[in-house]
Each structure stands twice: as C-alpha cells, then as structure tokens.
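Participant: Below is the file protein-v2.txt, with compact mmCIF, C-alpha atoms and all ligand atoms.
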```
# COMPACT_ATOMS: atom_id res chain seq x y z
CA MET A 1 55.27 -57.26 35.86
CA THR A 2 52.04 -56.20 37.52
CA ASP A 3 49.65 -57.97 39.79
CA ARG A 4 46.58 -56.62 38.04
CA GLN A 5 43.89 -59.24 37.79
CA VAL A 6 40.68 -59.62 35.85
CA ARG A 7 37.83 -62.12 36.00
CA GLY A 8 37.79 -64.93 33.47
CA SER A 9 34.35 -63.79 32.30
CA VAL A 10 35.93 -60.77 30.58
CA VAL A 11 38.75 -62.85 29.06
CA ASN A 12 36.15 -65.32 27.79
CA GLY A 13 34.02 -62.49 26.43
CA TYR A 14 36.87 -61.28 24.23
CA LEU A 15 37.82 -64.84 23.23
CA LYS A 16 34.23 -65.57 22.23
CA TYR A 17 34.26 -62.52 20.00
CA VAL A 18 37.52 -63.71 18.42
CA GLU A 19 36.09 -67.16 17.75
CA LYS A 20 32.80 -65.81 16.42
CA THR A 21 34.58 -63.39 14.09
CA TRP A 22 37.67 -65.27 12.88
CA GLY A 23 36.67 -68.89 13.46
CA LYS A 24 38.61 -71.74 15.04
CA ASP A 25 41.87 -70.79 13.29
CA GLY A 26 41.76 -67.19 14.46
CA TYR A 27 40.81 -68.34 17.93
CA GLU A 28 43.73 -70.76 18.17
CA TYR A 29 46.18 -68.26 16.75
CA CYS A 30 45.02 -65.64 19.24
CA CYS A 31 45.18 -68.10 22.17
CA GLN A 32 48.75 -69.01 21.23
CA LYS A 33 49.72 -65.35 21.10
CA ALA A 34 48.07 -64.64 24.45
CA ARG A 35 49.43 -67.90 25.94
CA VAL A 36 46.04 -69.18 26.99
CA SER A 37 46.19 -72.30 24.80
CA ASP A 38 46.68 -74.71 27.70
CA ILE A 39 44.37 -72.97 30.11
CA LYS A 40 40.68 -73.45 30.62
CA VAL A 41 39.59 -69.93 31.47
CA ARG A 42 36.80 -70.00 34.04
CA ASP A 43 34.37 -67.10 34.31
CA GLY A 44 34.60 -66.70 38.08
CA GLN A 45 38.34 -67.06 38.47
CA GLN A 46 40.92 -64.29 38.35
CA TYR A 47 43.61 -64.09 35.70
CA PRO A 48 46.49 -61.74 35.01
CA HIS A 49 45.17 -58.67 33.23
CA ASP A 50 48.16 -58.96 30.88
CA MET A 51 46.46 -62.01 29.40
CA LEU A 52 43.49 -59.87 28.39
CA LEU A 53 45.83 -57.18 27.05
CA SER A 54 47.56 -59.77 24.83
CA ILE A 55 44.20 -60.75 23.36
CA ILE A 56 43.31 -57.10 22.76
CA HIS A 57 46.74 -56.51 21.18
CA TRP A 58 46.20 -59.49 18.90
CA ILE A 59 42.89 -58.04 17.73
CA SER A 60 44.26 -54.53 17.10
CA ASP A 61 47.53 -55.70 15.49
CA ASN A 62 45.79 -58.08 13.10
CA HIS A 63 42.40 -56.51 12.54
CA GLY A 64 42.48 -52.88 13.69
CA MET A 65 41.02 -50.69 16.40
CA ALA A 66 37.44 -50.81 15.10
CA ARG A 67 37.40 -54.51 15.92
CA VAL A 68 38.61 -53.83 19.46
CA LYS A 69 35.61 -51.58 19.92
CA GLN A 70 33.30 -54.28 18.63
CA ALA A 71 34.93 -56.82 20.91
CA GLY A 72 34.29 -54.55 23.90
CA LYS A 73 30.69 -54.14 22.85
CA HIS A 74 30.22 -57.88 22.32
CA THR A 75 31.81 -58.68 25.67
CA ILE A 76 29.58 -56.38 27.71
CA GLN A 77 26.50 -57.63 25.90
CA ASN A 78 27.32 -61.23 26.71
CA LEU A 79 28.64 -60.81 30.22
CA GLY A 80 26.15 -63.14 31.91
CA LEU A 81 25.50 -61.30 35.14
CA LEU A 82 25.28 -57.85 33.62
CA ALA A 83 23.40 -58.78 30.47
CA TYR A 84 20.76 -60.62 32.48
CA VAL A 85 19.98 -57.73 34.77
CA VAL A 86 20.26 -55.16 32.11
CA ARG A 87 17.88 -56.21 29.43
CA PHE A 88 15.08 -54.97 31.63
CA THR A 89 16.57 -51.77 32.86
CA ASN A 90 17.68 -48.29 31.80
CA MET A 91 21.01 -46.56 31.37
CA ASP A 92 21.07 -44.96 34.83
CA THR A 93 20.70 -48.31 36.56
CA MET A 94 23.04 -50.00 34.12
CA LEU A 95 25.87 -47.53 34.70
CA LYS A 96 25.41 -47.70 38.47
CA LYS A 97 25.61 -51.50 38.22
CA THR A 98 28.78 -51.20 36.20
CA LYS A 99 30.34 -48.92 38.78
CA ASN A 100 29.35 -51.29 41.60
CA LEU A 101 30.40 -54.47 39.80
CA TYR A 102 33.71 -53.09 38.57
CA PRO A 103 35.77 -53.85 41.72
CA ASP A 104 34.47 -57.41 41.64
CA VAL A 105 35.69 -57.93 38.09
CA TYR A 106 38.94 -55.91 38.10
CA SER A 107 41.51 -55.89 40.93
CA PHE A 108 42.73 -52.40 40.01
CA GLY A 109 41.46 -48.99 39.02
CA GLU A 110 38.32 -47.14 39.95
CA VAL A 111 35.12 -46.22 38.13
CA ASN A 112 33.05 -43.22 39.13
CA MET A 113 29.93 -41.75 37.65
CA ILE A 114 28.55 -38.25 37.68
CA GLN A 115 25.03 -37.70 36.46
CA THR A 116 24.66 -34.85 33.98
CA ASP A 117 21.64 -33.11 32.46
CA ARG A 118 21.90 -35.21 29.34
CA GLY A 119 23.21 -38.47 30.77
CA ALA A 120 26.35 -39.25 32.68
CA THR A 121 30.10 -38.79 32.79
CA LEU A 122 32.09 -41.94 33.53
CA ILE A 123 35.42 -41.35 35.19
CA MET A 124 37.85 -44.23 34.91
CA LYS A 125 40.93 -43.93 37.06
CA ASP A 126 43.84 -46.30 36.35
CA VAL A 127 41.48 -48.55 34.39
CA SER A 128 42.92 -48.54 30.86
CA GLN A 129 46.45 -49.88 30.64
CA ILE A 130 46.87 -49.44 26.89
CA PRO A 131 45.08 -47.07 24.46
CA GLU A 132 43.21 -50.05 23.00
CA ASP A 133 41.58 -50.55 26.40
CA CYS A 134 39.95 -47.12 26.08
CA VAL A 135 38.47 -48.10 22.74
CA GLY A 136 37.19 -51.34 24.25
CA TRP A 137 35.40 -49.36 26.97
CA GLU A 138 33.92 -47.01 24.40
CA GLY A 139 32.48 -50.08 22.71
CA ALA A 140 31.25 -51.42 26.04
CA PHE A 141 29.31 -48.22 26.76
CA GLU A 142 27.82 -48.29 23.28
CA GLY A 143 26.87 -51.88 23.96
CA MET A 144 25.03 -50.77 27.10
CA LEU A 145 23.01 -48.26 25.10
CA GLU A 146 22.02 -51.05 22.72
CA LEU A 147 21.23 -53.49 25.52
CA THR A 148 18.87 -51.02 27.15
CA ARG A 149 17.46 -49.99 23.76
CA THR A 150 18.50 -46.41 24.39
CA LYS A 151 19.33 -43.93 21.66
CA GLY A 152 22.43 -42.03 22.62
CA LYS A 153 26.13 -41.63 22.09
CA VAL A 154 29.47 -42.08 23.76
CA VAL A 155 32.29 -39.56 23.46
CA LYS A 156 35.71 -40.01 25.02
CA THR A 157 36.50 -36.59 26.48
CA LYS A 158 39.66 -37.29 28.48
CA CYS A 159 42.35 -39.92 28.24
CA ARG A 160 45.38 -40.75 30.35
CA PHE A 161 47.22 -41.54 27.12
CA ASN A 162 46.68 -37.93 26.03
CA GLY A 163 48.16 -36.58 29.26
CA ASP A 164 44.95 -36.35 31.30
CA PRO A 165 45.03 -37.74 34.85
CA GLN A 166 42.26 -40.20 33.97
CA CYS A 167 40.01 -41.35 31.14
CA GLU A 168 36.52 -39.88 30.90
CA TYR A 169 33.54 -40.72 28.74
CA GLU A 170 30.55 -38.52 28.17
CA ILE A 171 27.47 -40.62 27.58
CA THR A 172 24.39 -38.71 26.45
CA TRP A 173 20.96 -40.17 25.99
CA LYS A 174 18.54 -37.60 27.43
ZN ZN B 201 41.89 -43.49 27.77
```
So that I can check it, write out the structure of this file as structure tokens.
Facilitator:
Amino acid sequence: MTDRQVRGSVVNGYLKYVEKTWGKDGYEYCCQKARVSDIKVRDGQQYPHDMLLSIIHWISDNHGMARVKQAGKHTIQNLGLLAYVVRFTNMDTMLKKTKNLYPDVYSFGEVNMIQTDRGATLIMKDVSQIPEDCVGWEGAFEGMLELTRTKGKVVKTKCRFNGDPQCEYEITWK
C-alpha cells in the first residue's frame, strides 16, 4: 500500500456531505465501506489517503460522478481554515492560499499556480490518485469561485489519467 496521508478535515468534509445528502443510513453505509465506522476522525490528525479514496469511491459507485464534484465543492466550502479566510478575499488570494496550505493537508503531490491573462492555471502533480479525485478538485475550484462570489469557470485541460504527466485546470474569471 502507500503511505499517502491526508488531514482529517478533508475526510470529515466528504463525510459531512454524505450525511447531509443521504442521511444517517447513507452515512453509516459509507463509513462501513470506507472502514471508518470505529474511528473518530479528527480534523487536525493525519489519516491514510486510501480512506478518503474509499469514501469517494462509495459516492461515485452509488451515486455517480456529479455527486463527487458536489462533494468536493461542499468540502472546500466548509473547510474551516480556508472558508474563514476566504469569504473576504478574491480568487488570486484564495488560489495562493490553496497552494500554500496544500502541503499541510496532503503528505504527497504538489500544487503550482501560474497566473494567466484571464485567471490562473493550476498544476497538480501526483495529486489525484483516481479519476474521481480530479472531478472532486474541479468541484473544489468551482466552490472557490462561489465562496469569493466570483463569476468564472473551471476547465480541466490536462489529466494524468489521459496520459498527461500531470493534471491541469484552467480557471478563468477575468
Ligand atoms: Zn486528472
């Protein structure tokens, strides 16, 4: 297996979306599947990233990819630290924060950002481990646009699951 780790805050973000959307039953079913039934997931602690992938798999297998995107959006919008800072800021600052906070939340991968005339390109190296992850990130970036009340759009332009060396997202809002 891998030693990839992720903060509990992200795991909890996805679990909260599951509970909100499919109730206690869905939540318990998902926790069983992801083997987190007996664990109290704490925001600040680190957990195997595979745990998060199991939750994401449960969502896509049972409810489809569109729900994964919504879960990603919901998670970013309720991620305490980020959401707090971000409600009062703009996309440039928000994306820089994301880039800077990423290594604190994930023990693997790398996020880089290039500013463009119309917004920014986000370059995610070794971040997504399954195609569903990419969709979750797409949702997360859309969530950031909403959080900052910015009109714009997110387009996935490269993907490691399509043979590219890394995943890239073009976010335009200018
Ligand atoms: Zn991808």
Participant: Using all atoms listed in the file for the distances, tell me which of A:Leu52, A:Ala140, A:Met65, A:Leu145 is nearest to Asp92 of chain A.
Facilitator: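 Ranking A:Leu52, A:Ala140, A:Met65, A:Leu145 by distance to Asp92 of chain A, first place goes to A:Leu145.
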Participant: When distances are computed from only C-alpha atoms, which of A:Ser60, A:Thr21, A:Gln166, A:Ser54 shows the smallest separation from Gly109 of chain A?
Facilitator: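 Among the listed residues, A:Gln166 lies closest to Gly109 of chain A.
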Participant: State, in Å with one decimal place, the distance from atom CA of Ala71 of chain A to atom CA of Gly136 of chain A.
Facilitator: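 Answer for the atom CA of Ala71 of chain A to atom CA of Gly136 of chain A separation: 6.8 Å.
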Participant: Report as a list of chain:residue names all protein, DNA and RNA residues lying within 10 Å of Lys33 of chain A, evaluated on all atoms listed in the file, omitting residues in the same chain fewer than 3 positions from it.
Facilitator: A:Tyr27, A:Glu28, A:Tyr29, A:Cys30, A:Val36, A:Ser37, A:Met51, A:Ser54, A:Ile55, A:His57, A:Trp58
Participant: Point out the residue among A:Asp43, A:Glu132, A:Asp38, A:Asp61 with the least atom-to-atom distance to Cys159 of chain A, counting only C-alpha atoms.
Facilitator: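 Going through A:Asp43, A:Glu132, A:Asp38, A:Asp61 one by one, the smallest distance to Cys159 of chain A is for A:Glu132.
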Participant: Enumerate residues in contact with ligand ZN 201 (chain B): an atom-to-atom distance of at most 12 Å, counting only C-alpha atoms and all ligand atoms. Format the result as a ChimeraX atom specification.
Facilitator: /A:122-138,155-169
Participant: Between atom CA of Gly44 of chain A and atom CA of Arg7 of chain A, what is the spacing in Å?
Facilitator: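 Here the two named atoms are 6.0 Å from each other.
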Participant: Which protein, DNA or RNA residues are at most 12 Å from (24.2, -45.0, 21.2) in the file's coordinates when you count only C-alpha atoms, listed as a PyMOL selection string?
Facilitator: chain A and resi 73+91+119+138-155+170-174
Participant: Which is closer to Lys69 of chain A than all the others in A:Thr121, A:Arg42, A:Tyr17, A:Val6, using all atoms listed in the file?
Facilitator: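 That would be A:Tyr17, the residue with the smallest distance to Lys69 of chain A.
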Participant: Any idea what the distance is between atom CA of Ile56 of chain A and atom CA of Lys99 of chain A?
Facilitator: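 Computing the Euclidean distance for atom CA of Ile56 of chain A and atom CA of Lys99 of chain A yields 22.2 Å.
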